[in-house]
file work.cif (mmCIF, C-alpha atoms)
data_query
loop_
_atom_site.label_atom_id
_atom_site.label_comp_id
_atom_site.auth_asym_id
_atom_site.auth_seq_id
_atom_site.Cartn_x
_atom_site.Cartn_y
_atom_site.Cartn_z
CA MET A 939 91.29 76.56 125.55
CA TRP A 940 92.54 76.03 122.03
CA PRO A 941 90.72 74.31 119.24
CA SER A 942 93.66 72.00 118.75
CA GLN A 943 97.16 71.33 119.92
CA GLU A 944 98.46 72.74 116.71
CA PHE A 945 97.43 76.26 117.59
CA ASN A 946 98.95 75.94 121.01
CA ARG A 947 102.26 74.84 119.66
CA PHE A 948 102.72 77.82 117.42
CA GLY A 949 100.82 80.32 119.49
CA PHE A 950 98.47 81.00 116.65
CA ASP A 951 95.12 82.36 117.70
CA PRO A 952 92.86 82.45 114.67
CA PHE A 953 90.32 84.65 116.38
CA ALA A 954 92.85 87.19 117.52
CA ASP A 955 94.09 87.34 113.99
CA PHE A 956 90.59 87.88 112.70
CA ARG A 957 90.01 90.71 115.16
CA ARG A 958 93.27 92.27 114.19
CA VAL A 959 92.38 92.14 110.52
CA GLN A 960 89.08 93.85 111.22
CA ARG A 961 90.71 96.54 113.28
CA GLY A 962 93.78 96.97 111.20
CA LEU A 963 94.10 99.87 108.88
CA ASN A 964 95.52 98.76 105.63
CA ARG A 965 96.48 100.96 102.76
CA ALA A 966 94.25 99.21 100.31
CA PHE A 967 91.66 97.82 102.68
CA SER A 968 90.84 100.86 104.77
CA ASP A 969 87.29 100.93 103.51
CA PHE A 970 86.06 97.40 103.23
CA ALA A 971 82.78 98.36 101.55
CA THR A 972 84.48 100.05 98.62
CA ARG A 973 87.17 97.42 98.57
CA SER A 974 84.71 94.69 97.77
CA ALA A 975 83.51 96.65 94.77
CA GLN A 976 86.94 97.23 93.33
CA GLY A 977 89.44 94.92 91.80
CA PHE A 978 93.05 94.08 92.19
CA PRO A 979 95.36 95.89 91.98
CA PRO A 980 94.08 99.00 93.75
CA ILE A 981 94.61 102.07 91.59
CA ASN A 982 94.87 105.82 91.91
CA LEU A 983 94.19 108.06 88.96
CA TRP A 984 95.71 111.46 88.30
CA MET A 985 94.53 113.81 85.58
CA GLY A 986 96.88 116.07 83.70
CA GLU A 987 96.29 118.50 80.90
CA ASN A 988 96.43 116.03 78.04
CA SER A 989 97.27 112.85 79.86
CA ILE A 990 96.25 110.59 82.69
CA LEU A 991 98.52 108.90 85.21
CA VAL A 992 97.48 105.49 86.52
CA GLU A 993 99.15 104.17 89.66
CA ALA A 994 98.69 100.58 90.76
CA GLU A 995 99.95 98.99 93.95
CA LEU A 996 101.80 95.84 92.95
CA PRO A 997 104.44 95.12 95.58
CA GLY A 998 106.86 92.34 94.76
CA LEU A 999 106.40 92.59 91.02
CA ASN A 1000 108.63 94.04 88.35
CA GLY A 1001 108.08 95.05 84.75
CA ASP A 1002 108.34 91.50 83.43
CA ASP A 1003 105.53 90.30 85.68
CA VAL A 1004 102.84 92.64 84.39
CA ASP A 1005 101.17 92.76 81.00
CA ILE A 1006 99.95 96.22 80.10
CA THR A 1007 97.63 96.60 77.14
CA VAL A 1008 95.77 99.60 75.80
CA ASN A 1009 92.80 99.47 73.49
CA GLN A 1010 91.07 102.74 72.64
CA ASN A 1011 90.15 104.01 76.11
CA VAL A 1012 90.62 100.81 78.08
CA LEU A 1013 93.80 99.99 79.95
CA THR A 1014 94.23 96.39 81.07
CA LEU A 1015 96.71 95.13 83.66
CA ARG A 1016 97.35 91.41 83.90
CA GLY A 1017 99.81 89.30 85.78
CA GLU A 1018 100.47 86.88 88.54
CA ARG A 1019 101.74 87.23 92.06
CA LYS A 1020 103.71 84.11 92.82
CA PRO A 1021 103.75 82.72 96.32
CA VAL A 1022 106.94 82.74 98.35
CA GLY A 1023 107.48 80.46 101.28
CA PRO A 1024 108.91 77.33 102.78
CA GLU A 1025 107.12 75.01 100.38
CA ASP A 1026 108.52 76.80 97.36
CA GLY A 1027 112.08 75.78 97.97
CA GLN A 1028 113.18 79.30 98.80
CA GLN A 1029 115.15 77.95 101.71
CA GLY A 1030 116.81 75.17 99.82
CA SER A 1031 116.91 71.88 101.65
CA GLN A 1032 114.80 73.24 104.49
CA GLN A 1033 111.79 73.56 102.28
CA LEU A 1034 109.77 70.89 104.03
CA ASP A 1035 110.22 71.87 107.64
CA GLY A 1036 108.83 75.38 107.42
CA VAL A 1037 105.72 76.47 109.22
CA TRP A 1038 103.59 79.55 108.59
CA HIS A 1039 102.98 82.03 111.37
CA ARG A 1040 101.28 84.65 109.25
CA ARG A 1041 100.11 84.72 105.71
CA GLU A 1042 98.59 88.06 104.89
CA ARG A 1043 100.01 88.77 101.47
CA THR A 1044 97.82 87.59 98.66
CA TYR A 1045 98.83 85.59 95.64
CA GLY A 1046 97.47 84.51 92.33
CA ARG A 1047 96.55 85.77 88.92
CA PHE A 1048 94.96 89.13 88.46
CA SER A 1049 93.40 91.09 85.65
CA ARG A 1050 91.91 94.51 85.80
CA ALA A 1051 90.50 96.69 83.07
CA ILE A 1052 90.38 100.42 83.68
CA GLN A 1053 88.18 102.65 81.61
CA LEU A 1054 89.84 105.95 80.90
CA PRO A 1055 88.02 109.22 80.21
CA PHE A 1056 89.49 109.45 76.71
CA ARG A 1057 91.08 107.40 73.95
CA VAL A 1058 94.82 107.23 74.31
CA ASP A 1059 97.69 107.29 71.89
CA PRO A 1060 99.14 103.77 72.16
CA GLU A 1061 102.52 105.04 70.96
CA LYS A 1062 102.87 107.40 73.88
CA VAL A 1063 102.36 105.13 76.86
CA GLN A 1064 105.05 105.23 79.48
CA ALA A 1065 105.23 102.79 82.36
CA ARG A 1066 107.65 102.32 85.20
CA PHE A 1067 107.84 100.66 88.59
CA ASN A 1068 108.61 102.71 91.64
CA HIS A 1069 109.20 100.52 94.72
CA GLY A 1070 106.17 98.32 94.14
CA ILE A 1071 103.95 100.98 92.60
CA LEU A 1072 103.37 100.78 88.87
CA GLN A 1073 103.01 104.17 87.22
CA ILE A 1074 101.58 104.42 83.72
CA GLU A 1075 101.17 107.69 81.90
CA LEU A 1076 98.79 107.69 78.97
CA VAL A 1077 98.45 110.58 76.57
CA GLN A 1078 95.14 111.52 75.04
CA ALA A 1079 94.91 110.66 71.35
CA GLU A 1080 95.32 113.67 69.09
CA THR A 1081 92.06 112.86 67.31
CA ASP A 1082 90.20 112.76 70.60
CA ARG A 1083 91.19 116.19 71.78
CA PRO A 1084 88.72 119.04 71.66
CA ARG A 1085 89.24 121.24 68.65
CA LYS A 1086 88.38 124.82 68.26
CA ILE A 1087 86.26 125.47 65.22
CA SER A 1088 86.37 128.88 63.74
CA VAL A 1089 83.30 130.19 62.03
CA ASN A 1090 83.90 131.78 58.68
CA ALA A 1091 82.49 135.20 58.32
CA GLU A 1092 80.47 135.74 55.19
CA MET B 632 102.46 83.10 128.19
CA GLU B 633 104.26 85.51 125.95
CA ASN B 634 107.16 83.13 125.54
CA GLU B 635 104.85 80.62 123.97
CA MET B 636 103.68 83.07 121.34
CA PRO B 637 106.00 83.16 118.37
CA HIS B 638 104.83 86.55 117.15
CA THR B 639 102.62 88.69 119.28
CA GLU B 640 101.81 92.08 117.98
CA LEU B 641 102.08 94.90 120.42
CA GLN B 642 100.66 97.50 118.18
CA THR B 643 97.82 96.68 115.91
CA THR B 644 96.02 99.94 115.34
CA GLY B 645 96.74 102.43 112.62
CA ASN B 646 98.03 104.96 115.13
CA PRO B 647 101.67 105.88 115.19
CA LEU B 648 103.81 104.90 118.10
CA PRO B 649 105.06 107.70 120.36
CA ALA B 650 107.69 109.75 118.61
CA SER B 651 111.07 108.09 118.62
CA GLY B 652 114.55 109.51 118.36
CA ASP B 653 114.48 110.06 114.64
CA GLY B 654 111.23 111.97 115.12
CA GLU B 655 110.88 113.64 111.79
CA ARG B 656 107.24 112.76 111.57
CA THR B 657 105.33 115.94 112.12
CA SER B 658 102.08 115.79 110.22
CA THR B 659 99.09 113.59 110.84
CA ARG B 660 99.91 111.18 108.06
CA GLU B 661 98.27 107.83 108.24
CA VAL B 662 100.30 104.85 109.39
CA PHE B 663 99.50 101.56 107.73
CA ILE B 664 100.11 98.00 108.79
CA PRO B 665 102.17 96.28 106.12
CA PRO B 666 100.65 92.93 105.11
CA THR B 667 103.19 90.37 106.28
CA ASP B 668 104.07 86.74 105.73
CA ILE B 669 106.09 85.00 108.41
CA TYR B 670 107.36 81.47 108.29
CA GLU B 671 109.75 79.56 110.42
CA THR B 672 112.24 76.89 109.46
CA SER B 673 114.48 74.96 111.82
CA ASP B 674 117.17 77.63 111.51
CA ASN B 675 115.43 80.85 110.59
CA ILE B 676 112.41 83.02 110.97
CA VAL B 677 111.62 84.58 107.61
CA LEU B 678 109.48 87.68 107.28
CA LEU B 679 108.15 89.35 104.14
CA ALA B 680 106.39 92.68 104.49
CA GLU B 681 104.79 94.77 101.74
CA MET B 682 105.50 98.47 101.84
CA PRO B 683 104.79 99.78 98.35
CA GLY B 684 105.94 103.33 97.73
CA VAL B 685 108.79 103.19 100.24
CA ALA B 686 112.33 103.72 98.95
CA PRO B 687 115.01 101.32 100.27
CA ASP B 688 116.74 104.03 102.29
CA SER B 689 113.48 104.89 104.04
CA VAL B 690 113.09 101.42 105.53
CA ASP B 691 113.99 101.22 109.19
CA ILE B 692 114.31 97.92 111.06
CA THR B 693 115.19 97.63 114.72
CA LEU B 694 115.51 94.60 116.95
CA GLU B 695 115.62 95.36 120.63
CA ARG B 696 115.81 92.17 122.66
CA ARG B 697 112.92 90.33 121.10
CA VAL B 698 110.96 93.29 119.85
CA LEU B 699 111.21 93.70 116.12
CA THR B 700 110.02 97.00 114.69
CA ILE B 701 109.59 97.66 111.00
CA ARG B 702 109.02 101.14 109.69
CA GLY B 703 108.81 102.54 106.20
CA ARG B 704 108.40 106.13 105.25
CA ALA B 705 106.68 106.59 101.91
CA VAL B 706 107.19 109.51 99.61
CA LYS B 707 104.15 111.75 99.53
CA GLN B 708 101.97 111.02 96.54
CA GLU B 709 102.20 114.11 94.41
CA HIS B 710 102.57 114.73 90.73
CA ALA B 711 103.21 118.19 89.38
CA ASN B 712 100.50 119.35 86.97
CA PHE B 713 98.27 116.39 87.85
CA ARG B 714 95.27 116.33 90.13
CA GLN B 715 93.94 113.19 91.74
CA ILE B 716 90.60 112.06 90.37
CA HIS B 717 90.29 108.56 91.84
CA ARG B 718 91.78 106.96 94.93
CA GLU B 719 91.89 103.38 96.11
CA PHE B 720 95.08 103.35 98.11
CA GLY B 721 96.14 105.94 100.60
CA ASP B 722 99.11 108.04 101.38
CA GLY B 723 101.11 107.30 104.49
CA ASP B 724 103.84 105.44 106.28
CA TYR B 725 104.11 101.86 107.48
CA GLU B 726 104.80 100.56 110.92
CA ARG B 727 104.52 97.23 112.65
CA VAL B 728 105.91 95.67 115.81
CA PHE B 729 106.43 91.97 116.48
CA VAL B 730 107.59 90.16 119.57
CA LEU B 731 109.69 87.14 118.67
CA SER B 732 109.65 84.02 120.77
CA GLU B 733 113.19 83.01 119.82
CA ASP B 734 116.49 84.69 120.45
CA ILE B 735 117.97 85.87 117.19
CA ASP B 736 121.57 85.83 116.11
CA ARG B 737 121.90 89.53 115.35
CA ASP B 738 125.14 89.25 113.44
CA ARG B 739 123.63 87.07 110.77
CA ILE B 740 120.38 88.91 110.09
CA GLU B 741 119.80 89.41 106.40
CA ALA B 742 117.60 92.22 105.17
CA LYS B 743 116.71 92.79 101.54
CA TYR B 744 114.28 95.28 100.11
CA LYS B 745 113.12 95.00 96.55
CA ASN B 746 110.07 96.15 94.62
CA GLY B 747 108.35 97.37 97.76
CA VAL B 748 108.77 94.12 99.68
CA LEU B 749 111.00 93.72 102.72
CA HIS B 750 112.60 90.28 103.06
CA LEU B 751 114.06 89.61 106.48
CA VAL B 752 115.87 86.42 107.43
CA LEU B 753 116.31 86.17 111.19
CA PRO B 754 118.60 83.26 112.12
CA LYS B 755 117.76 81.67 115.45
CA ALA B 756 120.50 81.96 118.05
CA GLU B 757 122.46 78.79 118.80
CA ILE B 758 121.36 78.95 122.44
CA ALA B 759 117.73 78.91 121.39
CA LYS B 760 118.36 75.81 119.28
CA GLU B 761 120.18 74.02 122.09
CA ARG B 762 117.37 74.72 124.48
CA LYS B 763 115.03 72.87 122.17
CA ILE B 764 117.19 69.77 122.12
CA GLU B 765 117.04 69.58 125.89
CA LEU B 766 113.36 68.72 125.62
CA LYS B 767 114.36 65.21 124.64
CA ALA B 768 115.34 64.42 128.26
CA ASN B 769 113.47 61.49 129.84
#

call {"tool": "encode", "arguments": {"input": "work.cif", "output": "structure tokens"}}
result
Amino acid sequence: MWPSQEFNRFGFDPFADFRRVQRGLNRAFSDFATRSAQGFPPINLWMGENSILVEAELPGLNGDDVDITVNQNVLTLRGERKPVGPEDGQQGSQQLDGVWHRRERTYGRFSRAIQLPFRVDPEKVQARFNHGILQIELVQAETDRPRKISVNAE
Amino acid sequence: MENEMPHTELQTTGNPLPASGDGERTSTREVFIPPTDIYETSDNIVLLAEMPGVAPDSVDITLERRVLTIRGRAVKQEHANFRQIHREFGDGDYERVFVLSEDIDRDRIEAKYKNGVLHLVLPKAEIAKERKIELKAN
């Protein structure tokens, strides 16, 4: 019935898990087709009058874990999601006897560049974490804003 | 059969469970499955679930017999004077139900919530541990 005794012992059915993943509705994965075309972290963009708000889903991270850089109109997010688990010594002396039942969170380095619709003022970037969601507000550079040109009458 | 399964999910779709006592949920907001890591040591079952956007006081954990339910209510994504122009993650709540194969010592459960990640340490009940030792007979 099972591919090996190991699965039986822990009641882990790899195929059931696979089906569940396909069926499951996940915040970031709800549309697999678009997901494959996008990077990590998933982002939402909000447009204001003279600024843009970038939101990135980065659960488990804090401000020290993410590098935010701005160059002209490109915002880059870089960092690493470190694994947590029995083999990482989180449980002290029990670190070797742990066994995984589920491992759905993803780990590793990430880097994502986001092209913004305008050049931003690097002095006016504000970023904060809000329960695992990074929010960055970027203000349009003064020199990049539309300017009204008055025509001199003769 | 169920007793052999450490963690069987009862509810795996994105649909909300029937309204419970705290039933404040009125709209048709989406309900997401939080991606979860679960590992087991000799003493504990440890669970980590990602619920970005949920404030600590909006996390709700219940353990009824062996049914563990995790819920998180996220703040609606809204920003005054901003309109959304691009969307890769949705707006909604989180919910997931697990059936545990071990009895848990309720008095020693530890729950932490930080940076959008729930960290639950469920210590196995002494009775459950003793039962395992009995297997050495013969």

call {"tool": "resolve_selection", "arguments": {"input": "work.cif", "expression": "the PyMOL selection byres ((chain A and resi 1010) around 7)", "output": "list in words"}}
result
Val1008, Asn1009, Asn1011, Val1012, Arg1057 and Val1058 of chain A

call {"tool": "resolve_selection", "arguments": {"input": "work.cif", "expression": "the PyMOL selection byres ((chain B) within 8 of (chain A))", "output": "VMD selection string"}}
result
chain B and resid 635 to 638 643 to 645 662 to 673 681 to 686 710 712 to 722 745 to 748

call {"tool": "write_last_selection", "arguments": {"input": "work.cif", "atoms": "C-alpha atoms", "output": "PDB file, in the coordinates of the input"}}
result
ATOM      1  CA  GLU B 635     104.850  80.620 123.970  1.00  0.00           C
ATOM      2  CA  MET B 636     103.680  83.070 121.340  1.00  0.00           C
ATOM      3  CA  PRO B 637     106.000  83.160 118.370  1.00  0.00           C
ATOM      4  CA  HIS B 638     104.830  86.550 117.150  1.00  0.00           C
ATOM      5  CA  THR B 643      97.820  96.680 115.910  1.00  0.00           C
ATOM      6  CA  THR B 644      96.020  99.940 115.340  1.00  0.00           C
ATOM      7  CA  GLY B 645      96.740 102.430 112.620  1.00  0.00           C
ATOM      8  CA  VAL B 662     100.300 104.850 109.390  1.00  0.00           C
ATOM      9  CA  PHE B 663      99.500 101.560 107.730  1.00  0.00           C
ATOM     10  CA  ILE B 664     100.110  98.000 108.790  1.00  0.00           C
ATOM     11  CA  PRO B 665     102.170  96.280 106.120  1.00  0.00           C
ATOM     12  CA  PRO B 666     100.650  92.930 105.110  1.00  0.00           C
ATOM     13  CA  THR B 667     103.190  90.370 106.280  1.00  0.00           C
ATOM     14  CA  ASP B 668     104.070  86.740 105.730  1.00  0.00           C
ATOM     15  CA  ILE B 669     106.090  85.000 108.410  1.00  0.00           C
ATOM     16  CA  TYR B 670     107.360  81.470 108.290  1.00  0.00           C
ATOM     17  CA  GLU B 671     109.750  79.560 110.420  1.00  0.00           C
ATOM     18  CA  THR B 672     112.240  76.890 109.460  1.00  0.00           C
ATOM     19  CA  SER B 673     114.480  74.960 111.820  1.00  0.00           C
ATOM     20  CA  GLU B 681     104.790  94.770 101.740  1.00  0.00           C
ATOM     21  CA  MET B 682     105.500  98.470 101.840  1.00  0.00           C
ATOM     22  CA  PRO B 683     104.790  99.780  98.350  1.00  0.00           C
ATOM     23  CA  GLY B 684     105.940 103.330  97.730  1.00  0.00           C
ATOM     24  CA  VAL B 685     108.790 103.190 100.240  1.00  0.00           C
ATOM     25  CA  ALA B 686     112.330 103.720  98.950  1.00  0.00           C
ATOM     26  CA  HIS B 710     102.570 114.730  90.730  1.00  0.00           C
ATOM     27  CA  ASN B 712     100.500 119.350  86.970  1.00  0.00           C
ATOM     28  CA  PHE B 713      98.270 116.390  87.850  1.00  0.00           C
ATOM     29  CA  ARG B 714      95.270 116.330  90.130  1.00  0.00           C
ATOM     30  CA  GLN B 715      93.940 113.190  91.740  1.00  0.00           C
ATOM     31  CA  ILE B 716      90.600 112.060  90.370  1.00  0.00           C
ATOM     32  CA  HIS B 717      90.290 108.560  91.840  1.00  0.00           C
ATOM     33  CA  ARG B 718      91.780 106.960  94.930  1.00  0.00           C
ATOM     34  CA  GLU B 719      91.890 103.380  96.110  1.00  0.00           C
ATOM     35  CA  PHE B 720      95.080 103.350  98.110  1.00  0.00           C
ATOM     36  CA  GLY B 721      96.140 105.940 100.600  1.00  0.00           C
ATOM     37  CA  ASP B 722      99.110 108.040 101.380  1.00  0.00           C
ATOM     38  CA  LYS B 745     113.120  95.000  96.550  1.00  0.00           C
ATOM     39  CA  ASN B 746     110.070  96.150  94.620  1.00  0.00           C
ATOM     40  CA  GLY B 747     108.350  97.370  97.760  1.00  0.00           C
ATOM     41  CA  VAL B 748     108.770  94.120  99.680  1.00  0.00           C
TER      42      VAL B 748
END

call {"tool": "atom_distance", "arguments": {"input": "work.cif", "atom1": "CA of Glu757 (chain B)", "atom2": "CA of Ile692 (chain B)"}}
result
22.2 Å

call {"tool": "residues_around", "arguments": {"input": "work.cif", "residues": "Leu751 (chain B)", "least_positions_apart": "5", "cutoff": "9 Å", "atoms": "only C-alpha atoms", "output": "short mmCIF file (atom, residue, chain, number, x, y, z; two decimals) with C-alpha atoms, keeping the file's coordinate frame"}}
result
data_model
loop_
_atom_site.label_atom_id
_atom_site.label_comp_id
_atom_site.auth_asym_id
_atom_site.auth_seq_id
_atom_site.Cartn_x
_atom_site.Cartn_y
_atom_site.Cartn_z
CA ILE B 676 112.41 83.02 110.97
CA VAL B 677 111.62 84.58 107.61
CA LEU B 678 109.48 87.68 107.28
CA LEU B 679 108.15 89.35 104.14
CA ALA B 680 106.39 92.68 104.49
CA ILE B 740 120.38 88.91 110.09
CA GLU B 741 119.80 89.41 106.40
CA ALA B 742 117.60 92.22 105.17
CA LYS B 743 116.71 92.79 101.54
CA TYR B 744 114.28 95.28 100.11
#

call {"tool": "atom_distance", "arguments": {"input": "work.cif", "atom1": "CA of Tyr725 (chain B)", "atom2": "CA of Asp674 (chain B)"}}
result
27.8 Å

call {"tool": "atom_distance", "arguments": {"input": "work.cif", "atom1": "CA of Thr1081 (chain A)", "atom2": "CA of Arg1016 (chain A)"}}
result
27.6 Å

call {"tool": "resolve_selection", "arguments": {"input": "work.cif", "expression": "the PyMOL selection byres ((chain B and resi 698) around 8)", "output": "ChimeraX atom specification"}}
result
/B:693-697,699-700,728-731

call {"tool": "residues_around", "arguments": {"input": "work.cif", "residues": "Asp724 (chain B)", "least_positions_apart": "6", "cutoff": "8 Å", "atoms": "only C-alpha atoms", "output": "ChimeraX atom specification"}}
result
/B:660-663,702-705

call {"tool": "decode", "arguments": {"input": "work.cif", "residues": "region 1007-1017 of chain A", "atoms": "all heavy atoms", "output": "short mmCIF file (atom, residue, chain, number, x, y, z; two decimals), in the first residue's frame"}}
result
data_model
loop_
_atom_site.label_atom_id
_atom_site.label_comp_id
_atom_site.auth_asym_id
_atom_site.auth_seq_id
_atom_site.Cartn_x
_atom_site.Cartn_y
_atom_site.Cartn_z
N THR A 1007 17.35 48.49 -1.73
CA THR A 1007 18.14 49.50 -2.45
C THR A 1007 17.29 50.14 -3.54
O THR A 1007 16.41 49.50 -4.11
CB THR A 1007 19.41 48.89 -3.09
OG1 THR A 1007 19.04 47.76 -3.87
CG2 THR A 1007 20.42 48.46 -2.06
N VAL A 1008 17.57 51.40 -3.78
CA VAL A 1008 16.84 52.14 -4.81
C VAL A 1008 17.86 52.77 -5.74
O VAL A 1008 18.83 53.39 -5.30
CB VAL A 1008 15.98 53.27 -4.19
CG1 VAL A 1008 15.17 53.96 -5.27
CG2 VAL A 1008 15.08 52.72 -3.13
N ASN A 1009 17.64 52.58 -7.04
CA ASN A 1009 18.50 53.20 -8.02
C ASN A 1009 17.62 53.74 -9.14
O ASN A 1009 16.99 52.96 -9.85
CB ASN A 1009 19.51 52.17 -8.54
CG ASN A 1009 20.53 52.79 -9.48
OD1 ASN A 1009 20.58 54.01 -9.63
ND2 ASN A 1009 21.33 51.96 -10.12
N GLN A 1010 17.55 55.04 -9.24
CA GLN A 1010 16.67 55.69 -10.23
C GLN A 1010 15.24 55.21 -10.04
O GLN A 1010 14.60 55.57 -9.07
CB GLN A 1010 17.17 55.41 -11.65
CG GLN A 1010 18.61 55.84 -11.87
CD GLN A 1010 18.70 57.18 -12.59
OE1 GLN A 1010 17.77 57.97 -12.58
NE2 GLN A 1010 19.85 57.44 -13.19
N ASN A 1011 14.77 54.36 -10.96
CA ASN A 1011 13.39 53.88 -10.83
C ASN A 1011 13.32 52.38 -10.55
O ASN A 1011 12.32 51.74 -10.83
CB ASN A 1011 12.59 54.21 -12.10
CG ASN A 1011 13.11 53.45 -13.30
OD1 ASN A 1011 14.27 53.04 -13.32
ND2 ASN A 1011 12.28 53.26 -14.30
N VAL A 1012 14.40 51.83 -10.02
CA VAL A 1012 14.40 50.39 -9.73
C VAL A 1012 14.61 50.17 -8.23
O VAL A 1012 15.55 50.66 -7.62
CB VAL A 1012 15.48 49.63 -10.53
CG1 VAL A 1012 15.50 48.16 -10.15
CG2 VAL A 1012 15.24 49.79 -12.02
N LEU A 1013 13.66 49.42 -7.67
CA LEU A 1013 13.74 49.06 -6.26
C LEU A 1013 14.16 47.60 -6.19
O LEU A 1013 13.61 46.75 -6.89
CB LEU A 1013 12.35 49.22 -5.62
CG LEU A 1013 12.15 48.64 -4.22
CD1 LEU A 1013 12.85 49.49 -3.18
CD2 LEU A 1013 10.67 48.52 -3.90
N THR A 1014 15.17 47.31 -5.37
CA THR A 1014 15.62 45.92 -5.26
C THR A 1014 15.50 45.45 -3.82
O THR A 1014 15.90 46.15 -2.88
CB THR A 1014 17.09 45.77 -5.74
OG1 THR A 1014 17.19 46.35 -7.04
CG2 THR A 1014 17.49 44.31 -5.82
N LEU A 1015 14.92 44.27 -3.65
CA LEU A 1015 14.79 43.64 -2.34
C LEU A 1015 15.65 42.38 -2.33
O LEU A 1015 15.53 41.54 -3.23
CB LEU A 1015 13.33 43.24 -2.06
CG LEU A 1015 12.27 44.32 -2.19
CD1 LEU A 1015 10.88 43.74 -1.98
CD2 LEU A 1015 12.54 45.42 -1.17
N ARG A 1016 16.51 42.28 -1.33
CA ARG A 1016 17.36 41.10 -1.23
C ARG A 1016 17.37 40.59 0.20
O ARG A 1016 17.26 41.38 1.14
CB ARG A 1016 18.82 41.45 -1.59
CG ARG A 1016 19.11 41.47 -3.06
CD ARG A 1016 20.61 41.53 -3.31
NE ARG A 1016 20.85 42.12 -4.62
CZ ARG A 1016 21.01 43.42 -4.83
NH1 ARG A 1016 20.99 44.26 -3.82
NH2 ARG A 1016 21.19 43.89 -6.05
N GLY A 1017 17.56 39.30 0.34
CA GLY A 1017 17.64 38.76 1.69
C GLY A 1017 17.68 37.25 1.67
O GLY A 1017 17.85 36.62 0.63
#
